[in-house]
>>> print(open('run_28.tsv').read())   # TSV, C-alpha atoms and all ligand atoms
chain	number	residue	atom	x	y	z
H	299	MET	CA	8.03	1.22	2.36
H	300	LEU	CA	7.04	-1.91	0.41
H	301	THR	CA	3.36	-2.90	0.25
H	302	LEU	CA	2.24	-6.38	-0.80
H	303	VAL	CA	-1.19	-6.67	-2.40
H	304	THR	CA	-2.91	-10.01	-3.04
H	305	GLY	CA	-5.90	-10.66	-5.28
H	306	THR	CA	-4.72	-8.12	-7.85
H	307	THR	CA	-6.07	-10.01	-10.85
H	308	GLY	CA	-9.61	-9.73	-9.44
H	309	GLN	CA	-12.22	-7.01	-9.89
H	310	VAL	CA	-11.21	-4.99	-6.84
H	311	GLY	CA	-7.46	-5.59	-6.85
H	312	ARG	CA	-6.86	-4.73	-10.50
H	313	ARG	CA	-8.45	-1.31	-9.96
H	314	PHE	CA	-6.87	-0.71	-6.55
H	315	VAL	CA	-3.23	-1.38	-7.48
H	316	PRO	CA	-2.92	1.33	-10.17
H	317	ARG	CA	-4.29	3.84	-7.64
H	318	LEU	CA	-1.88	2.65	-4.95
H	319	LEU	CA	0.98	2.98	-7.45
H	320	ALA	CA	-0.18	6.40	-8.62
H	321	GLN	CA	-0.27	7.75	-5.06
H	322	ARG	CA	3.08	6.34	-4.06
H	323	ARG	CA	5.50	8.69	-2.34
H	324	PRO	CA	9.25	8.61	-3.07
H	325	GLY	CA	10.75	5.33	-1.86
H	326	GLU	CA	7.42	3.51	-1.73
H	327	GLU	CA	7.10	0.31	-3.67
H	328	VAL	CA	4.34	-2.17	-4.42
H	329	ARG	CA	4.53	-5.94	-4.80
H	330	VAL	CA	1.70	-8.07	-6.13
H	331	LEU	CA	1.08	-11.79	-5.62
H	332	VAL	CA	-0.43	-13.44	-8.69
H	333	ARG	CA	-1.07	-17.09	-9.50
H	334	ASP	CA	-0.19	-16.82	-13.16
H	335	ALA	CA	3.05	-15.03	-14.14
H	336	SER	CA	1.61	-13.68	-17.39
H	337	ARG	CA	-1.15	-11.93	-15.45
H	338	GLY	CA	1.50	-10.13	-13.42
H	339	GLU	CA	2.90	-8.41	-16.51
H	340	PRO	CA	0.49	-5.43	-16.55
H	341	PHE	CA	1.46	-4.72	-12.93
H	342	ALA	CA	5.18	-5.00	-13.70
H	343	GLU	CA	4.65	-2.50	-16.53
H	344	LEU	CA	3.13	-0.10	-13.99
H	345	GLY	CA	6.21	-0.46	-11.79
H	346	ALA	CA	5.16	-3.19	-9.32
H	347	GLN	CA	7.27	-6.13	-8.20
H	348	VAL	CA	5.61	-9.45	-9.02
H	349	VAL	CA	5.70	-12.66	-6.97
H	350	VAL	CA	4.05	-15.73	-8.47
H	351	GLY	CA	2.27	-18.20	-6.22
H	352	ASP	CA	-0.92	-19.47	-4.63
H	353	LEU	CA	-2.05	-18.06	-1.30
H	354	ARG	CA	-2.46	-21.62	0.01
H	355	ASP	CA	1.24	-22.37	-0.53
H	356	SER	CA	3.32	-21.44	2.53
H	357	GLU	CA	6.51	-21.16	0.48
H	358	ALA	CA	4.81	-18.60	-1.77
H	359	LEU	CA	3.64	-16.68	1.31
H	360	GLY	CA	7.22	-16.54	2.63
H	361	LYS	CA	8.47	-15.13	-0.68
H	362	ALA	CA	5.59	-12.70	-0.90
H	363	VAL	CA	6.11	-11.12	2.55
H	364	ALA	CA	9.94	-11.02	2.55
H	365	GLY	CA	11.04	-7.43	3.11
H	366	VAL	CA	7.47	-6.14	3.15
H	367	ASP	CA	6.25	-3.32	5.45
H	368	ALA	CA	2.50	-3.58	4.78
H	369	VAL	CA	0.06	-6.11	3.35
H	370	VAL	CA	-3.33	-5.52	1.74
H	371	ASN	CA	-5.05	-8.89	1.48
H	372	VAL	CA	-7.63	-8.45	-1.26
H	373	ALA	CA	-7.66	-12.08	-2.45
H	374	ALA	CA	-10.68	-14.27	-1.80
H	375	SER	CA	-12.38	-17.22	-3.38
H	376	PHE	CA	-16.16	-16.88	-3.48
H	377	ARG	CA	-17.45	-16.79	-7.02
H	378	GLY	CA	-19.07	-20.21	-7.42
H	379	VAL	CA	-16.39	-22.19	-5.57
H	380	PRO	CA	-16.99	-25.17	-3.26
H	381	ASP	CA	-17.17	-24.38	0.46
H	382	GLU	CA	-13.85	-26.16	1.13
H	383	GLU	CA	-12.07	-23.73	-1.17
H	384	ALA	CA	-13.79	-20.74	0.41
H	385	TRP	CA	-12.58	-21.85	3.83
H	386	ALA	CA	-9.08	-22.69	2.55
H	387	VAL	CA	-8.51	-19.34	0.84
H	388	ASN	CA	-10.67	-16.87	2.77
H	389	ARG	CA	-9.86	-18.05	6.28
H	390	ASP	CA	-6.94	-20.47	6.38
H	391	ALA	CA	-4.70	-18.82	3.78
H	392	ALA	CA	-5.58	-15.31	4.99
H	393	VAL	CA	-4.60	-16.23	8.55
H	394	GLU	CA	-1.42	-17.99	7.33
H	395	LEU	CA	-0.57	-14.81	5.40
H	396	GLY	CA	-1.07	-12.87	8.64
H	397	ARG	CA	1.25	-15.26	10.49
H	398	ALA	CA	3.86	-15.08	7.72
H	399	ALA	CA	3.59	-11.27	7.84
H	400	GLN	CA	3.97	-11.30	11.63
H	401	ALA	CA	7.07	-13.54	11.38
H	402	ALA	CA	8.58	-11.30	8.69
H	403	GLY	CA	8.14	-8.17	10.82
H	404	VAL	CA	5.44	-6.61	8.64
H	405	ARG	CA	4.07	-3.48	10.31
H	406	ARG	CA	0.54	-3.22	8.90
H	407	PHE	CA	-2.02	-5.66	7.54
H	408	VAL	CA	-5.25	-4.56	5.86
H	409	GLN	CA	-7.76	-7.39	5.56
H	410	VAL	CA	-10.39	-6.82	2.88
H	411	SER	CA	-13.67	-8.25	4.11
H	412	THR	CA	-17.36	-7.97	3.35
H	413	GLY	CA	-20.49	-6.42	4.85
H	414	LEU	CA	-22.02	-9.88	4.55
H	415	VAL	CA	-20.31	-10.76	7.85
H	416	TYR	CA	-23.08	-8.86	9.66
H	417	GLY	CA	-25.63	-11.44	8.53
H	418	VAL	CA	-29.12	-10.33	9.44
H	419	GLY	CA	-30.19	-6.68	9.63
H	420	ARG	CA	-30.78	-4.95	12.97
H	421	GLY	CA	-33.54	-2.55	11.90
H	422	ARG	CA	-31.04	0.31	11.43
H	423	LEU	CA	-27.68	0.99	9.82
H	424	LEU	CA	-25.13	-1.65	10.81
H	425	THR	CA	-22.07	-0.35	12.63
H	426	GLU	CA	-18.65	-1.90	13.11
H	427	ASP	CA	-19.51	-2.50	16.78
H	428	ASP	CA	-22.34	-4.86	15.84
H	429	GLU	CA	-21.48	-8.49	16.35
H	430	THR	CA	-21.05	-10.57	13.21
H	431	ARG	CA	-23.70	-13.21	12.54
H	432	PRO	CA	-22.74	-14.59	9.14
H	433	GLY	CA	-24.87	-17.32	7.66
H	434	GLY	CA	-27.71	-17.98	5.29
H	435	ALA	CA	-27.90	-20.22	2.25
H	436	MET	CA	-27.28	-17.58	-0.42
H	437	TRP	CA	-23.52	-17.20	-0.02
H	438	GLY	CA	-22.41	-20.62	1.28
H	439	ALA	CA	-19.26	-20.54	3.40
H	440	TYR	CA	-18.14	-17.13	2.12
H	441	PRO	CA	-19.45	-14.77	4.84
H	442	GLU	CA	-18.53	-17.13	7.65
H	443	SER	CA	-15.03	-17.75	6.28
H	444	LYS	CA	-14.47	-13.99	5.99
H	445	ALA	CA	-15.80	-13.37	9.52
H	446	GLU	CA	-13.49	-16.01	10.98
H	447	ALA	CA	-10.53	-14.61	9.06
H	448	GLU	CA	-11.24	-11.16	10.52
H	449	ARG	CA	-11.45	-12.58	14.03
H	450	GLU	CA	-8.30	-14.71	13.80
H	451	LEU	CA	-6.25	-11.97	12.13
H	452	LEU	CA	-7.32	-9.37	14.69
H	453	ALA	CA	-6.20	-11.77	17.44
H	454	LEU	CA	-2.64	-12.09	16.09
H	455	GLU	CA	-0.23	-10.63	18.66
H	456	GLY	CA	2.01	-7.82	17.54
H	457	LEU	CA	0.52	-7.39	14.05
H	458	ASP	CA	-1.29	-4.10	13.30
H	459	VAL	CA	-4.42	-5.45	11.57
H	460	ARG	CA	-7.12	-3.22	10.07
H	461	VAL	CA	-10.30	-4.56	8.48
H	462	ALA	CA	-12.22	-3.03	5.55
H	463	ARG	CA	-15.77	-4.30	5.02
H	464	LEU	CA	-16.88	-3.72	1.44
H	465	PRO	CA	-20.38	-3.34	0.01
H	466	PHE	CA	-21.46	-4.48	-3.47
H	467	VAL	CA	-18.67	-3.07	-5.63
H	468	TYR	CA	-19.30	-1.75	-9.15
H	469	GLY	CA	-18.00	0.60	-11.82
H	470	GLU	CA	-15.26	1.01	-14.40
H	471	GLY	CA	-16.47	-1.81	-16.62
H	472	ASP	CA	-16.93	-4.37	-13.81
H	473	PRO	CA	-19.79	-6.66	-14.95
H	474	HIS	CA	-21.00	-6.88	-11.34
H	475	LEU	CA	-23.85	-4.39	-11.80
H	476	ALA	CA	-25.30	-6.50	-14.64
H	477	GLN	CA	-24.71	-9.65	-12.57
H	478	SER	CA	-26.83	-8.21	-9.75
H	479	MET	CA	-29.87	-9.14	-11.83
H	480	MET	CA	-29.21	-12.74	-10.84
H	481	TRP	CA	-30.65	-11.91	-7.41
H	482	ALA	CA	-32.59	-8.71	-8.03
H	483	ARG	CA	-35.13	-10.45	-10.24
H	484	ASN	CA	-36.10	-12.61	-7.24
H	485	TRP	CA	-36.30	-9.73	-4.77
H	486	ALA	CA	-39.11	-7.54	-3.54
H	487	ALA	CA	-39.38	-4.19	-5.33
H	488	THR	CA	-38.07	-2.25	-2.31
H	489	GLN	CA	-35.26	-4.63	-1.35
H	490	ARG	CA	-31.97	-2.72	-1.21
H	491	LEU	CA	-28.37	-3.35	-2.16
H	492	GLN	CA	-25.62	-1.23	-0.64
H	493	MET	CA	-23.15	-0.07	-3.22
H	494	GLY	CA	-19.62	1.26	-3.49
H	495	HIS	CA	-17.81	2.40	-6.62
H	496	HIS	CA	-14.31	1.00	-7.26
H	497	ALA	CA	-12.87	4.52	-6.93
H	498	ASP	CA	-14.36	4.80	-3.44
H	499	VAL	CA	-13.36	1.30	-2.38
H	500	ALA	CA	-9.80	2.19	-3.40
H	501	GLN	CA	-10.09	5.52	-1.55
H	502	GLY	CA	-11.28	3.73	1.59
H	503	LEU	CA	-8.55	1.08	1.39
H	504	LEU	CA	-5.83	3.70	0.92
H	505	ARG	CA	-7.08	5.66	3.92
H	506	ILE	CA	-7.18	2.51	6.04
H	507	LEU	CA	-3.71	1.50	4.87
H	508	HIS	CA	-2.05	4.87	5.49
H	509	ALA	CA	-3.72	6.11	8.71
H	510	PRO	CA	-1.55	5.91	11.82
H	511	GLY	CA	-2.84	4.60	15.14
H	512	ILE	CA	-5.79	2.50	14.01
H	513	ALA	CA	-4.52	-1.00	14.82
H	514	GLY	CA	-7.40	-3.40	15.36
H	515	ARG	CA	-10.00	-1.04	13.88
H	516	ILE	CA	-12.76	-2.17	11.50
H	517	TYR	CA	-14.26	0.16	8.85
H	518	ASN	CA	-17.29	-0.16	6.61
H	519	ILE	CA	-16.87	1.30	3.12
H	520	ALA	CA	-19.92	2.23	1.00
H	521	ASP	CA	-21.60	5.07	-0.86
H	522	ASP	CA	-24.58	7.05	0.47
H	523	ALA	CA	-27.42	5.54	-1.51
H	524	PRO	CA	-28.32	1.84	-1.48
H	525	VAL	CA	-30.36	0.99	-4.59
H	526	THR	CA	-33.60	-0.98	-4.73
H	527	ALA	CA	-34.37	-4.02	-6.85
H	528	VAL	CA	-36.49	-1.76	-9.08
H	529	GLU	CA	-33.55	0.58	-9.58
H	530	LEU	CA	-31.25	-2.33	-10.37
H	531	HIS	CA	-33.62	-3.35	-13.16
H	532	GLN	CA	-33.77	0.22	-14.46
H	533	LEU	CA	-29.99	0.69	-14.27
H	534	ASN	CA	-29.57	-2.50	-16.28
H	535	GLY	CA	-32.24	-1.55	-18.79
H	536	VAL	CA	-34.42	-4.51	-17.81
H	537	GLU	CA	-38.20	-4.25	-17.57
H	538	VAL	CA	-39.38	-4.57	-13.95
H	539	PRO	CA	-41.44	-7.79	-13.63
H	540	ALA	CA	-44.82	-7.26	-11.92
H	541	GLU	CA	-44.06	-10.02	-9.36
H	542	LEU	CA	-41.49	-7.77	-7.67
H	543	TYR	CA	-44.35	-5.60	-6.38
H	544	THR	CA	-46.15	-8.61	-4.90
H	545	ARG	CA	-43.21	-9.63	-2.71
H	546	THR	CA	-42.28	-8.39	0.77
H	547	ASP	CA	-38.71	-7.50	1.67
H	548	PRO	CA	-37.75	-10.14	4.28
H	549	ASP	CA	-35.08	-7.95	5.91
H	550	PRO	CA	-35.01	-4.26	4.89
H	551	TRP	CA	-31.74	-3.62	6.78
H	552	LEU	CA	-29.80	-6.61	5.46
H	553	VAL	CA	-26.17	-5.52	4.89
H	554	ILE	CA	-27.01	-1.82	4.95
H	555	THR	CA	-24.02	-0.36	6.76
H	556	SER	CA	-23.10	2.96	8.34
H	557	THR	CA	-20.02	4.75	7.02
H	558	ASP	CA	-19.97	7.19	9.91
H	559	ARG	CA	-16.73	5.77	11.39
H	560	ILE	CA	-14.62	5.97	8.25
H	561	ARG	CA	-15.93	9.48	7.56
H	562	ARG	CA	-15.24	10.77	11.05
H	563	GLU	CA	-11.93	9.04	11.71
H	564	LEU	CA	-10.34	8.87	8.26
H	565	GLY	CA	-11.99	11.69	6.29
H	566	TYR	CA	-13.56	9.34	3.73
H	567	ARG	CA	-16.09	11.00	1.40
H	568	PRO	CA	-17.43	9.02	-1.53
H	569	LEU	CA	-16.44	10.47	-4.90
H	570	TYR	CA	-19.60	8.83	-6.21
H	571	PRO	CA	-22.24	9.19	-3.46
H	572	SER	CA	-24.65	7.19	-5.62
H	573	VAL	CA	-24.61	4.94	-8.66
H	574	TYR	CA	-26.38	7.77	-10.49
H	575	ALA	CA	-23.47	10.14	-9.82
H	576	ALA	CA	-21.15	7.49	-11.26
H	577	ARG	CA	-23.39	7.04	-14.29
H	578	GLU	CA	-23.51	10.80	-14.83
H	579	ALA	CA	-19.69	10.87	-14.73
H	580	GLY	CA	-19.44	8.01	-17.24
H	581	ALA	CA	-17.82	5.82	-14.58
H	582	LEU	CA	-20.03	2.73	-14.81
H	601	LIG	N1	-16.67	-7.33	-5.47
H	601	LIG	C1	-17.49	-7.10	-4.46
H	601	LIG	O1	-18.63	-6.62	-4.65
H	601	LIG	C2	-17.07	-7.38	-3.05
H	601	LIG	C3	-18.00	-7.14	-2.02
H	601	LIG	C4	-17.61	-7.36	-0.70
H	601	LIG	C5	-16.33	-7.80	-0.43
H	601	LIG	N2	-15.45	-8.05	-1.45
H	601	LIG	C6	-14.11	-8.52	-1.10
H	601	LIG	O2	-13.18	-7.86	-1.94
H	601	LIG	C7	-12.11	-8.73	-2.25
H	601	LIG	C8	-11.91	-8.79	-3.76
H	601	LIG	O3	-13.11	-9.22	-4.38
H	601	LIG	P1	-13.21	-9.29	-5.96
H	601	LIG	O4	-14.60	-8.94	-6.31
H	601	LIG	O5	-12.08	-8.53	-6.56
H	601	LIG	O6	-12.99	-10.85	-6.19
H	601	LIG	P2	-12.52	-11.59	-7.53
H	601	LIG	O7	-12.77	-10.73	-8.71
H	601	LIG	O8	-13.13	-12.95	-7.47
H	601	LIG	O9	-10.94	-11.72	-7.34
H	601	LIG	C9	-10.39	-12.59	-6.41
H	601	LIG	C10	-8.90	-12.44	-6.44
H	601	LIG	O10	-8.34	-13.36	-5.47
H	601	LIG	C11	-7.38	-14.16	-6.12
H	601	LIG	N3	-7.31	-15.49	-5.52
H	601	LIG	C12	-8.33	-16.35	-5.30
H	601	LIG	N4	-7.85	-17.50	-4.80
H	601	LIG	C13	-6.51	-17.35	-4.69
H	601	LIG	C14	-5.47	-18.18	-4.25
H	601	LIG	N5	-5.70	-19.43	-3.81
H	601	LIG	N6	-4.19	-17.73	-4.29
H	601	LIG	C15	-3.93	-16.46	-4.74
H	601	LIG	N7	-4.88	-15.62	-5.18
H	601	LIG	C16	-6.14	-16.06	-5.16
H	601	LIG	C17	-7.86	-14.24	-7.56
H	601	LIG	O11	-6.78	-14.68	-8.38
H	601	LIG	P3	-7.05	-15.41	-9.82
H	601	LIG	O12	-7.32	-14.29	-10.78
H	601	LIG	O13	-5.78	-16.13	-10.06
H	601	LIG	O14	-8.24	-16.32	-9.62
H	601	LIG	C18	-8.28	-12.81	-7.80
H	601	LIG	O15	-7.15	-12.01	-8.02
H	601	LIG	C19	-12.43	-10.07	-1.60
H	601	LIG	O16	-11.72	-10.17	-0.41
H	601	LIG	C20	-13.92	-10.00	-1.34
H	601	LIG	O17	-14.26	-10.76	-0.21
H	601	LIG	C21	-15.80	-7.85	-2.75
>>> encode(input="run_28.tsv", output="structure tokens")
Amino acid sequence: MLTLVTGTTGQVGRRFVPRLLAQRRPGEEVRVLVRDASRGEPFAELGAQVVVGDLRDSEALGKAVAGVDAVVNVAASFRGVPDEEAWAVNRDAAVELGRAAQAAGVRRFVQVSTGLVYGVGRGRLLTEDDETRPGGAMWGAYPESKAEAERELLALEGLDVRVARLPFVYGEGDPHLAQSMMWARNWAATQRLQMGHHADVAQGLLRILHAPGIAGRIYNIADDAPVTAVELHQLNGVEVPAELYTRTDPDPWLVITSTDRIRRELGYRPLYPSVYAAREAGAL
């Protein structure tokens, strides 16, 4: 079994691949797609095959999927990029990768997506059966491009597609938790962010990749304890500005997702049920 992983130089991918490699059974191999050959070296040292190319280049996609049994598409472009690039990478290239995989006889395709596809809250935990309503100014084309990629990939005939919707991912030296202050300082005190540690995102992705009989299924991944804007300040050692307490949370259920499905169907249990458990374990 050969598994192709994209986006391995990013925050999620670089922590997922070593875990995928560590859990490999005899005969299983991993291939990574990177844009810059030198950034593939650490993966080659861990025993992965390396293909160099851009996801938007169909020739690179052909090389990347040749002989592959499963794909985990982690790659995305969303950190401060123009909308055109978000569409080109997150939807168009993801769907082209799905088509290339389909043509190459790939058996399984895990699409890494985001809880932002739900858009507005529904006054309760969001479940995978809720329709997606991506939008809003904060994230530009990112949520919509990911939602369309999900939809188009799931519609591909004959390809076993599974979708993983991630929360705000943190841990293991990822600067993301500190970066959350960018928004948290403008939030209401009680406004919440749903979290997931890298170890648990990897756990969820591995379960989704390896489980039989779940073609077409979507799974939320998250921990058990969304944190408030006040907690984000405290976790980052920043004094809580008084204005936070004067604001009202515009949508208390925004991107707060249920993990009931992945628990029940795939046996997922977060290693770090809260950011505090991760802090206690020295895993921030
Ligand atoms: N981090 C989170 O909190 C979070 C939350 C929800 C969902 N997600 C999802 O998780 C996935 C990974 O996120 P991340 O935080 O790891 O993102 P990231 O740190 O920005 O990494 C993005 C990865 O995608 C690669 N990539 C971007 N454009 C590419 C292209 N044209 N061709 C080939 N590779 C390309 C990047 O390669 P380079 O290094 O060459 O740029 C990098 O490896 C994404 O699908 C994202 O939507 C993440």
>>> residues_near_ligand(input="run_28.tsv", ligand="ligand LIG 601 (chain H)", cutoff="6 Å", atoms="only C-alpha atoms and all ligand atoms", output="VMD selection string")
chain H and resid 305 to 311 333 352 to 354 372 to 375 377 387 410 to 412 464 to 467
>>> residues_around(input="run_28.tsv", residues="Val404 of chain H", least_positions_apart="5", cutoff="9 Å", atoms="all atoms listed in the file", output="list of chain:residue names")
H:Val363, H:Ala364, H:Gly365, H:Val366, H:Asp367, H:Ala368, H:Val369, H:Ala398, H:Ala399, H:Leu457, H:Asp458
>>> closest_residue(input="run_28.tsv", among="H:Ala500, H:Val525, H:Leu451, H:Ile512", to="Pro568 of chain H", atoms="all atoms listed in the file")
H:Ala500
>>> atom_distance(input="run_28.tsv", atom1="atom CA of Ala342 of chain H", atom2="atom CA of Ala392 of chain H")
23.9 Å
>>> closest_residue(input="run_28.tsv", among="H:Arg490, H:Arg463, H:Arg422, H:His495", to="Ala581 of chain H", atoms="only C-alpha atoms")
H:His495
>>> closest_atom_pairs(input="run_28.tsv", of="segment 393-487 of chain H", to="segment 540-548 of chain H", cutoff="9 Å", atoms="all atoms listed in the file", output="tab-separated table")
residue	atom	partner	partner_atom	distance
H:Ala482	CA	H:Leu542	CA	9.0
H:Arg483	CA	H:Leu542	CA	7.4
H:Asn484	CA	H:Leu542	CA	7.3
H:Trp485	CA	H:Leu542	CA	6.3
H:Ala486	CA	H:Arg545	CA	4.7
H:Ala487	CA	H:Leu542	CA	4.8
>>> closest_residue(input="run_28.tsv", among="H:Arg420, H:Arg389, H:Arg337, H:Arg460", to="Leu504 of chain H", atoms="all atoms listed in the file")
H:Arg460
>>> residues_near_point(input="run_28.tsv", point="(-29.0, -6.5, 5.6)", cutoff="9 Å", atoms="all atoms listed in the file", output="number ranges by chain")
H: 413-414, 416-421, 423-424, 490-492, 549-555
>>> write_last_selection(input="run_28.tsv", atoms="C-alpha atoms", output="PDB file, in the frame of the given file")
ATOM      1  CA  GLY H 413     -20.490  -6.420   4.850  1.00  0.00           C
ATOM      2  CA  LEU H 414     -22.020  -9.880   4.550  1.00  0.00           C
ATOM      3  CA  TYR H 416     -23.080  -8.860   9.660  1.00  0.00           C
ATOM      4  CA  GLY H 417     -25.630 -11.440   8.530  1.00  0.00           C
ATOM      5  CA  VAL H 418     -29.120 -10.330   9.440  1.00  0.00           C
ATOM      6  CA  GLY H 419     -30.190  -6.680   9.630  1.00  0.00           C
ATOM      7  CA  ARG H 420     -30.780  -4.950  12.970  1.00  0.00           C
ATOM      8  CA  GLY H 421     -33.540  -2.550  11.900  1.00  0.00           C
ATOM      9  CA  LEU H 423     -27.680   0.990   9.820  1.00  0.00           C
ATOM     10  CA  LEU H 424     -25.130  -1.650  10.810  1.00  0.00           C
ATOM     11  CA  ARG H 490     -31.970  -2.720  -1.210  1.00  0.00           C
ATOM     12  CA  LEU H 491     -28.370  -3.350  -2.160  1.00  0.00           C
ATOM     13  CA  GLN H 492     -25.620  -1.230  -0.640  1.00  0.00           C
ATOM     14  CA  ASP H 549     -35.080  -7.950   5.910  1.00  0.00           C
ATOM     15  CA  PRO H 550     -35.010  -4.260   4.890  1.00  0.00           C
ATOM     16  CA  TRP H 551     -31.740  -3.620   6.780  1.00  0.00           C
ATOM     17  CA  LEU H 552     -29.800  -6.610   5.460  1.00  0.00           C
ATOM     18  CA  VAL H 553     -26.170  -5.520   4.890  1.00  0.00           C
ATOM     19  CA  ILE H 554     -27.010  -1.820   4.950  1.00  0.00           C
ATOM     20  CA  THR H 555     -24.020  -0.360   6.760  1.00  0.00           C
TER      21      THR H 555
END
>>> closest_residue(input="run_28.tsv", among="H:Val461, H:Ala476, H:Ile560, H:Leu344", to="Gln532 of chain H", atoms="all atoms listed in the file")
H:Ala476
>>> residues_around(input="run_28.tsv", residues="Ile506 of chain H", least_positions_apart="6", cutoff="8 Å", atoms="all atoms listed in the file", output="list in words")
Val408, Arg460, Ala462, Tyr517 and Leu564 of chain H
>>> residues_around(input="run_28.tsv", residues="Pro316 of chain H", least_positions_apart="4", cutoff="8 Å", atoms="all atoms listed in the file", output="ChimeraX atom specification")
/H:312,320,341,344
>>> closest_residue(input="run_28.tsv", among="H:Pro441, H:Gly494, H:Gly345, H:Gly511", to="Glu327 of chain H", atoms="only C-alpha atoms")
H:Gly345
